[in-house]
file entry11.pdb (PDB, C-alpha atoms)
ATOM      1  CA  MET A 627     -16.723   3.330   6.369
ATOM      2  CA  ALA A 628     -15.419   6.149   4.199
ATOM      3  CA  ARG A 629     -13.421   5.268   1.111
ATOM      4  CA  TYR A 630     -12.201   6.866  -2.102
ATOM      5  CA  THR A 631     -14.528   6.152  -5.043
ATOM      6  CA  GLY A 632     -12.917   8.249  -7.778
ATOM      7  CA  ALA A 633     -10.530   7.258 -10.581
ATOM      8  CA  ASP A 634      -7.305   5.633  -9.339
ATOM      9  CA  CYS A 635      -5.324   6.800 -12.368
ATOM     10  CA  ARG A 636      -6.201  10.402 -11.540
ATOM     11  CA  ARG A 637      -4.409   9.972  -8.218
ATOM     12  CA  CYS A 638      -1.258   8.749  -9.973
ATOM     13  CA  ARG A 639      -1.307  11.744 -12.302
ATOM     14  CA  ARG A 640      -1.751  14.080  -9.326
ATOM     15  CA  GLU A 641       1.453  12.677  -7.777
ATOM     16  CA  LYS A 642       3.258  12.720 -11.167
ATOM     17  CA  GLN A 643       4.301   9.078 -10.811
ATOM     18  CA  LYS A 644       2.895   5.579 -10.914
ATOM     19  CA  LEU A 645       1.461   4.467  -7.575
ATOM     20  CA  PHE A 646       0.605   1.012  -8.983
ATOM     21  CA  LEU A 647      -3.033   1.182  -7.932
ATOM     22  CA  LYS A 648      -4.427  -0.697 -10.955
ATOM     23  CA  GLY A 649      -2.288  -3.819 -11.138
ATOM     24  CA  SER A 650      -1.240  -4.881 -14.646
ATOM     25  CA  LYS A 651      -2.683  -1.741 -16.246
ATOM     26  CA  CYS A 652       0.090   0.268 -14.575
ATOM     27  CA  GLU A 653       2.678  -1.781 -16.486
ATOM     28  CA  SER A 654       1.005  -1.362 -19.870
ATOM     29  CA  ALA A 655       1.033   1.371 -22.508
ATOM     30  CA  LYS A 656      -2.587   2.129 -21.559
ATOM     31  CA  CYS A 657      -1.506   3.647 -18.245
ATOM     32  CA  PRO A 658      -2.815   7.259 -18.362
ATOM     33  CA  ILE A 659       0.364   8.662 -16.823
ATOM     34  CA  GLU A 660       2.265   7.416 -19.898
ATOM     35  CA  ILE A 661      -0.087   9.413 -22.109
ATOM     36  CA  ARG A 662      -0.601  12.484 -19.892
ATOM     37  CA  PRO A 663       2.325  12.744 -17.423
ATOM     38  CA  TYR A 664       1.034  15.892 -15.740
ATOM     39  CA  PRO A 665      -1.499  16.618 -12.971
ATOM     40  CA  PRO A 666      -5.208  16.520 -13.888
ATOM     41  CA  GLY A 667      -7.279  19.650 -14.169
ATOM     42  CA  GLU A 668      -7.387  22.768 -16.313
ATOM     43  CA  HIS A 669      -4.079  24.101 -14.997
ATOM     44  CA  GLY A 670      -2.284  20.777 -14.643
ATOM     45  CA  ARG A 671       0.473  21.635 -17.126
ATOM     46  CA  GLY A 672       1.008  25.211 -15.996
ATOM     47  CA  ARG A 673       1.552  24.951 -12.260
ATOM     48  CA  THR A 674       4.353  26.932 -10.668
ATOM     49  CA  LYS A 675       7.118  25.693  -8.385
ATOM     50  CA  ASP A 676       5.795  23.887  -5.312
ATOM     51  CA  SER A 677       6.318  25.401  -1.858
ATOM     52  CA  GLU A 678       7.987  23.500   0.986
ATOM     53  CA  TYR A 679       4.617  22.901   2.635
ATOM     54  CA  LEU A 680       3.078  21.631  -0.592
ATOM     55  CA  LEU A 681       5.958  19.197  -1.111
ATOM     56  CA  GLN A 682       5.408  17.840   2.394
ATOM     57  CA  LYS A 683       1.658  17.619   1.833
ATOM     58  CA  ARG A 684       2.097  15.843  -1.489
ATOM     59  CA  GLU A 685       4.458  13.303   0.068
ATOM     60  CA  LYS A 686       1.904  12.503   2.753
ATOM     61  CA  GLN A 687      -0.846  12.203   0.147
ATOM     62  CA  LYS A 688       1.339   9.935  -1.955
ATOM     63  CA  ALA A 689       1.992   7.544   0.941
ATOM     64  CA  ALA A 690      -1.676   7.505   1.966
ATOM     65  CA  ARG A 691      -2.783   6.797  -1.600
ATOM     66  CA  ILE A 692      -0.234   4.032  -2.166
ATOM     67  CA  TYR A 693      -1.436   2.158   0.905
ATOM     68  CA  GLY A 694      -5.113   3.095   0.520
ATOM     69  CA  VAL A 695      -5.422   4.909   3.859
ATOM     70  CA  LEU A 696      -7.597   7.961   4.522
ATOM     71  CA  GLU A 697      -6.485  11.023   6.490
ATOM     72  CA  LYS A 698      -7.839  10.179   9.956
ATOM     73  CA  GLN A 699      -6.350   6.692   9.953
ATOM     74  CA  PHE A 700      -3.064   7.918   8.495
ATOM     75  CA  ARG A 701      -2.687  10.520  11.253
ATOM     76  CA  GLY A 702      -3.405   7.806  13.810
ATOM     77  CA  TYR A 703      -0.612   5.713  12.328
ATOM     78  CA  PHE A 704       1.741   8.693  12.528
ATOM     79  CA  GLU A 705       0.918   9.318  16.184
ATOM     80  CA  GLU A 706       1.513   5.626  16.940
ATOM     81  CA  ALA A 707       4.831   5.745  15.056
ATOM     82  CA  ASN A 708       5.855   8.866  16.967
ATOM     83  CA  ARG A 709       5.321   7.101  20.300
ATOM     84  CA  LYS A 710       7.580   4.189  19.366
ATOM     85  CA  GLN A 711      11.335   4.126  19.808
ATOM     86  CA  GLY A 712      13.424   4.781  16.715
ATOM     87  CA  LYS A 713      12.881   7.014  13.710
ATOM     88  CA  THR A 714       9.274   8.099  13.350
ATOM     89  CA  GLY A 715       9.285   7.958   9.550
ATOM     90  CA  GLU A 716      10.627   4.409   9.470
ATOM     91  CA  ASN A 717       8.154   3.340  12.156
ATOM     92  CA  LEU A 718       5.339   4.781  10.047
ATOM     93  CA  LEU A 719       6.350   2.839   6.943
ATOM     94  CA  ARG A 720       6.710  -0.333   9.006
ATOM     95  CA  ILE A 721       3.160   0.087  10.308
ATOM     96  CA  LEU A 722       1.829   0.568   6.781
ATOM     97  CA  GLU A 723       3.794  -2.378   5.417
ATOM     98  CA  THR A 724       2.508  -4.785   8.068
ATOM     99  CA  ARG A 725      -1.163  -4.182   7.264
ATOM    100  CA  LEU A 726      -2.771  -7.463   6.243
ATOM    101  CA  ASP A 727      -3.954  -6.173   2.859
ATOM    102  CA  ASN A 728      -0.430  -4.988   2.027
ATOM    103  CA  VAL A 729       1.075  -8.349   3.011
ATOM    104  CA  VAL A 730      -1.374 -10.204   0.744
ATOM    105  CA  TYR A 731      -0.417  -7.847  -2.095
ATOM    106  CA  ARG A 732       3.333  -8.062  -1.433
ATOM    107  CA  ALA A 733       3.200 -11.850  -1.509
ATOM    108  CA  GLY A 734       1.714 -11.769  -5.016
ATOM    109  CA  PHE A 735      -1.734 -13.071  -4.086
ATOM    110  CA  ALA A 736      -3.473  -9.940  -5.412
ATOM    111  CA  LYS A 737      -2.855  -7.676  -8.403
ATOM    112  CA  SER A 738      -3.088  -4.455  -6.353
ATOM    113  CA  ARG A 739      -3.603  -3.332  -2.766
ATOM    114  CA  ASP A 740      -7.231  -2.504  -3.572
ATOM    115  CA  HIS A 741      -7.676  -6.041  -4.837
ATOM    116  CA  ALA A 742      -5.977  -7.447  -1.726
ATOM    117  CA  ARG A 743      -8.253  -5.330   0.478
ATOM    118  CA  GLN A 744     -11.293  -6.799  -1.276
ATOM    119  CA  LEU A 745     -10.048 -10.380  -0.845
ATOM    120  CA  VAL A 746      -9.493  -9.821   2.875
ATOM    121  CA  LYS A 747     -12.867  -8.115   3.415
ATOM    122  CA  HIS A 748     -14.665 -10.982   1.668
ATOM    123  CA  GLY A 749     -13.242 -13.434   4.200
ATOM    124  CA  HIS A 750     -10.860 -15.400   1.970
ATOM    125  CA  ILE A 751      -7.809 -14.932   4.222
ATOM    126  CA  THR A 752      -6.855 -16.539   7.527
ATOM    127  CA  VAL A 753      -4.152 -15.542  10.016
ATOM    128  CA  ASN A 754      -2.798 -18.363  12.170
ATOM    129  CA  GLY A 755      -5.770 -20.516  11.171
ATOM    130  CA  ARG A 756      -8.493 -17.984  12.012
ATOM    131  CA  LYS A 757     -10.452 -15.970   9.467
ATOM    132  CA  ASN A 758      -9.506 -12.298   9.454
ATOM    133  CA  ASP A 759     -11.584  -9.922   7.327
ATOM    134  CA  ILE A 760     -10.002  -6.668   8.562
ATOM    135  CA  PRO A 761      -7.642  -5.215   5.899
ATOM    136  CA  SER A 762      -5.940  -2.904   8.420
ATOM    137  CA  ALA A 763      -5.135  -5.768  10.821
ATOM    138  CA  ARG A 764      -1.419  -5.872  11.605
ATOM    139  CA  VAL A 765       0.677  -8.997  11.116
ATOM    140  CA  ALA A 766       3.432  -9.995  13.540
ATOM    141  CA  VAL A 767       6.619 -12.045  13.389
ATOM    142  CA  ASN A 768       5.958 -15.793  12.899
ATOM    143  CA  ASP A 769       2.380 -15.209  11.706
ATOM    144  CA  ILE A 770       1.094 -17.601   9.035
ATOM    145  CA  ILE A 771      -1.296 -16.059   6.498
ATOM    146  CA  GLU A 772      -3.209 -18.441   4.239
ATOM    147  CA  VAL A 773      -6.058 -18.537   1.754
ATOM    148  CA  ARG A 774      -9.047 -20.459   3.123
ATOM    149  CA  LYS A 775      -9.385 -23.951   1.686
ATOM    150  CA  ALA A 776     -12.879 -23.137   0.418
ATOM    151  CA  SER A 777     -11.464 -20.225  -1.606
ATOM    152  CA  LEU A 778      -8.413 -21.892  -3.165
ATOM    153  CA  GLU A 779     -10.064 -22.568  -6.521
ATOM    154  CA  LEU A 780     -11.497 -19.087  -6.958
ATOM    155  CA  THR A 781     -10.165 -17.303 -10.050
ATOM    156  CA  PRO A 782      -7.951 -14.701  -8.275
ATOM    157  CA  PHE A 783      -6.035 -17.433  -6.450
ATOM    158  CA  VAL A 784      -5.783 -19.730  -9.466
ATOM    159  CA  VAL A 785      -4.263 -16.795 -11.370
ATOM    160  CA  ALA A 786      -1.941 -15.985  -8.450
ATOM    161  CA  ARG A 787      -0.574 -19.532  -8.448
ATOM    162  CA  ALA A 788      -0.098 -19.460 -12.220
ATOM    163  CA  GLU A 789       1.780 -16.154 -12.066
ATOM    164  CA  ALA A 790       3.894 -17.058  -9.032
ATOM    165  CA  GLY A 791       7.368 -15.580  -9.209
ATOM    166  CA  GLU A 792       6.484 -12.629 -11.446
ATOM    167  CA  ARG A 793       6.602 -10.203  -8.523
ATOM    168  CA  THR A 794       9.551  -9.931  -6.138
ATOM    169  CA  VAL A 795       8.520 -10.811  -2.592
ATOM    170  CA  PRO A 796      10.229  -8.740   0.155
ATOM    171  CA  ALA A 797      12.880 -10.560   2.196
ATOM    172  CA  TRP A 798      10.874 -10.266   5.421
ATOM    173  CA  LEU A 799       8.098 -12.412   3.923
ATOM    174  CA  GLU A 800       8.100 -15.904   2.449
ATOM    175  CA  SER A 801       5.454 -16.697  -0.127
ATOM    176  CA  ILE A 802       4.498 -20.333  -0.823
ATOM    177  CA  PRO A 803       2.116 -20.130  -3.815
ATOM    178  CA  SER A 804       1.598 -23.895  -4.061
ATOM    179  CA  LYS A 805      -0.056 -23.789  -0.619
ATOM    180  CA  MET A 806      -1.225 -20.171  -0.910
ATOM    181  CA  ARG A 807       0.609 -19.453   2.313
ATOM    182  CA  ILE A 808       2.650 -16.479   3.554
ATOM    183  CA  LEU A 809       5.161 -16.681   6.399
ATOM    184  CA  VAL A 810       6.203 -13.533   8.269
ATOM    185  CA  HIS A 811       9.861 -13.984   9.223
ATOM    186  CA  SER A 812      10.529 -10.481  10.566
ATOM    187  CA  LEU A 813       9.257  -6.925  10.555
ATOM    188  CA  PRO A 814      10.439  -4.828   7.592
ATOM    189  CA  GLU A 815      13.383  -2.456   7.921
ATOM    190  CA  ARG A 816      13.623   0.673   5.771
ATOM    191  CA  PRO A 817      16.241  -0.693   3.305
ATOM    192  CA  VAL A 818      13.868  -3.465   2.169
ATOM    193  CA  ILE A 819      10.794  -1.223   1.808
ATOM    194  CA  ASP A 820      10.773  -0.165  -1.845
ATOM    195  CA  THR A 821       7.955   2.396  -1.539
ATOM    196  CA  GLN A 822       9.151   5.607  -3.192
ATOM    197  CA  VAL A 823       8.292   7.948  -0.346
ATOM    198  CA  GLN A 824      10.428  10.528   1.477
ATOM    199  CA  GLU A 825       9.103   9.802   4.943
ATOM    200  CA  GLN A 826      11.050  12.663   6.534
ATOM    201  CA  LEU A 827       8.840  15.162   4.687
ATOM    202  CA  ILE A 828       5.789  13.516   6.278
ATOM    203  CA  VAL A 829       7.381  13.813   9.721
ATOM    204  CA  GLU A 830       8.105  17.493   9.080
ATOM    205  CA  LEU A 831       4.498  18.085   7.981
ATOM    206  CA  TYR A 832       2.932  16.581  11.093
ATOM    207  CA  SER A 833       5.527  18.155  13.402
ATOM    208  CA  LYS A 834       4.544  21.709  12.550
TER
END
call {"tool": "encode", "arguments": {"input": "entry11.pdb", "output": "structure tokens"}}
result
Amino acid sequence: MARYTGADCRRCRREKQKLFLKGSKCESAKCPIEIRPYPPGEHGRGRTKDSEYLLQKREKQKAARIYGVLEKQFRGYFEEANRKQGKTGENLLRILETRLDNVVYRAGFAKSRDHARQLVKHGHITVNGRKNDIPSARVAVNDIIEVRKASLELTPFVVARAEAGERTVPAWLESIPSKMRILVHSLPERPVIDTQVQEQLIVELYSK
């Protein structure tokens, strides 16, 4: 399966904002975007005003990079969102938010979405009592996501329990760190999705 293997911090600099791809490093003074807040490359500091198309393209790239999705899968999500009732942009964000790796991250069980993706792929997570090692699997209302009993004492989960409460958990989820359990109470609506993305620009890009 294809995946990005380059430097995560380079992607943040390209988007001129923190995408929080490296966990605690993004909050520290060592974050490269604090030191070099301009796009990478020889001409990073001298680029001219962006065109309308480039702004749309950058917004799509930003969303894909935040959630760790490559182009083919992202387009598939957009087409699915476009078929659903309601606003396409909001449907798209809802699809991205309900990915299993994102839910594990949002609940505070992983330091980044990349880390959450690794935990899921290694088989440490169950959904409704059954092991699920597919990061892109979608959760549904009333689902119960848990860490497998055999994995509870692994370092990432011990740290997650110790740091419980440091990250705000979205209202549509309930995190129970003492049991390493996540309850899905509802699907997320746009007002509670804090991802800094202008989804309408993505809709405009794919509607051309």
call {"tool": "atom_distance", "arguments": {"input": "entry11.pdb", "atom1": "atom CA of A:Val785", "atom2": "atom CA of A:Thr821"}}
result
24.8 Å
call {"tool": "residues_around", "arguments": {"input": "entry11.pdb", "residues": "stretch 710-713 of chain A", "least_positions_apart": "3", "cutoff": "10 Å", "atoms": "only C-alpha atoms", "output": "PDB file with C-alpha atoms, in the coordinates of the input"}}
result
ATOM      1  CA  GLU A 705       0.918   9.318  16.184  1.00  0.00           C
ATOM      2  CA  GLU A 706       1.513   5.626  16.940  1.00  0.00           C
ATOM      3  CA  ALA A 707       4.831   5.745  15.056  1.00  0.00           C
ATOM      4  CA  GLU A 716      10.627   4.409   9.470  1.00  0.00           C
ATOM      5  CA  ASN A 717       8.154   3.340  12.156  1.00  0.00           C
ATOM      6  CA  LEU A 718       5.339   4.781  10.047  1.00  0.00           C
ATOM      7  CA  GLU A 825       9.103   9.802   4.943  1.00  0.00           C
ATOM      8  CA  GLN A 826      11.050  12.663   6.534  1.00  0.00           C
ATOM      9  CA  VAL A 829       7.381  13.813   9.721  1.00  0.00           C
TER      10      VAL A 829
END
call {"tool": "closest_residue", "arguments": {"input": "entry11.pdb", "among": "A:Ser738, A:Gln822, A:Val730, A:Glu772", "to": "A:Val753", "atoms": "all atoms listed in the file"}}
result
A:Glu772
call {"tool": "atom_distance", "arguments": {"input": "entry11.pdb", "atom1": "atom CA of A:Lys686", "atom2": "atom CA of A:Gln824"}}
result
8.8 Å
call {"tool": "atom_distance", "arguments": {"input": "entry11.pdb", "atom1": "atom CA of A:Lys737", "atom2": "atom CA of A:Ala786"}}
result
8.4 Å
call {"tool": "build_atoms", "arguments": {"input": "entry11.pdb", "residues": "stretch 807-818 of chain A", "atoms": "N, CA and C atoms", "output": "PDB file, in the coordinates of the input"}}
result
ATOM      1  N   ARG A 807       0.237 -19.735   0.937  1.00  0.00           N
ATOM      2  CA  ARG A 807       0.609 -19.453   2.313  1.00  0.00           C
ATOM      3  C   ARG A 807       1.703 -18.385   2.337  1.00  0.00           C
ATOM      4  N   ILE A 808       1.640 -17.527   3.357  1.00  0.00           N
ATOM      5  CA  ILE A 808       2.650 -16.479   3.554  1.00  0.00           C
ATOM      6  C   ILE A 808       3.194 -16.620   4.964  1.00  0.00           C
ATOM      7  N   LEU A 809       4.518 -16.629   5.094  1.00  0.00           N
ATOM      8  CA  LEU A 809       5.161 -16.681   6.399  1.00  0.00           C
ATOM      9  C   LEU A 809       5.817 -15.327   6.682  1.00  0.00           C
ATOM     10  N   VAL A 810       5.598 -14.808   7.866  1.00  0.00           N
ATOM     11  CA  VAL A 810       6.203 -13.533   8.269  1.00  0.00           C
ATOM     12  C   VAL A 810       7.437 -13.853   9.109  1.00  0.00           C
ATOM     13  N   HIS A 811       8.614 -13.643   8.531  1.00  0.00           N
ATOM     14  CA  HIS A 811       9.861 -13.984   9.223  1.00  0.00           C
ATOM     15  C   HIS A 811      10.376 -12.861  10.124  1.00  0.00           C
ATOM     16  N   SER A 812      10.049 -11.618   9.775  1.00  0.00           N
ATOM     17  CA  SER A 812      10.529 -10.481  10.566  1.00  0.00           C
ATOM     18  C   SER A 812       9.691  -9.267  10.208  1.00  0.00           C
ATOM     19  N   LEU A 813       9.897  -8.181  10.921  1.00  0.00           N
ATOM     20  CA  LEU A 813       9.257  -6.925  10.555  1.00  0.00           C
ATOM     21  C   LEU A 813      10.173  -6.182   9.584  1.00  0.00           C
ATOM     22  N   PRO A 814       9.605  -5.452   8.636  1.00  0.00           N
ATOM     23  CA  PRO A 814      10.439  -4.828   7.592  1.00  0.00           C
ATOM     24  C   PRO A 814      11.276  -3.661   8.099  1.00  0.00           C
ATOM     25  N   GLU A 815      12.515  -3.607   7.666  1.00  0.00           N
ATOM     26  CA  GLU A 815      13.383  -2.456   7.921  1.00  0.00           C
ATOM     27  C   GLU A 815      13.366  -1.555   6.697  1.00  0.00           C
ATOM     28  N   ARG A 816      13.727  -0.309   6.869  1.00  0.00           N
ATOM     29  CA  ARG A 816      13.623   0.673   5.771  1.00  0.00           C
ATOM     30  C   ARG A 816      14.342   0.250   4.494  1.00  0.00           C
ATOM     31  N   PRO A 817      15.549  -0.342   4.559  1.00  0.00           N
ATOM     32  CA  PRO A 817      16.241  -0.693   3.305  1.00  0.00           C
ATOM     33  C   PRO A 817      15.482  -1.673   2.415  1.00  0.00           C
ATOM     34  N   VAL A 818      14.579  -2.487   2.996  1.00  0.00           N
ATOM     35  CA  VAL A 818      13.868  -3.465   2.169  1.00  0.00           C
ATOM     36  C   VAL A 818      12.470  -2.997   1.784  1.00  0.00           C
TER      37      VAL A 818
END
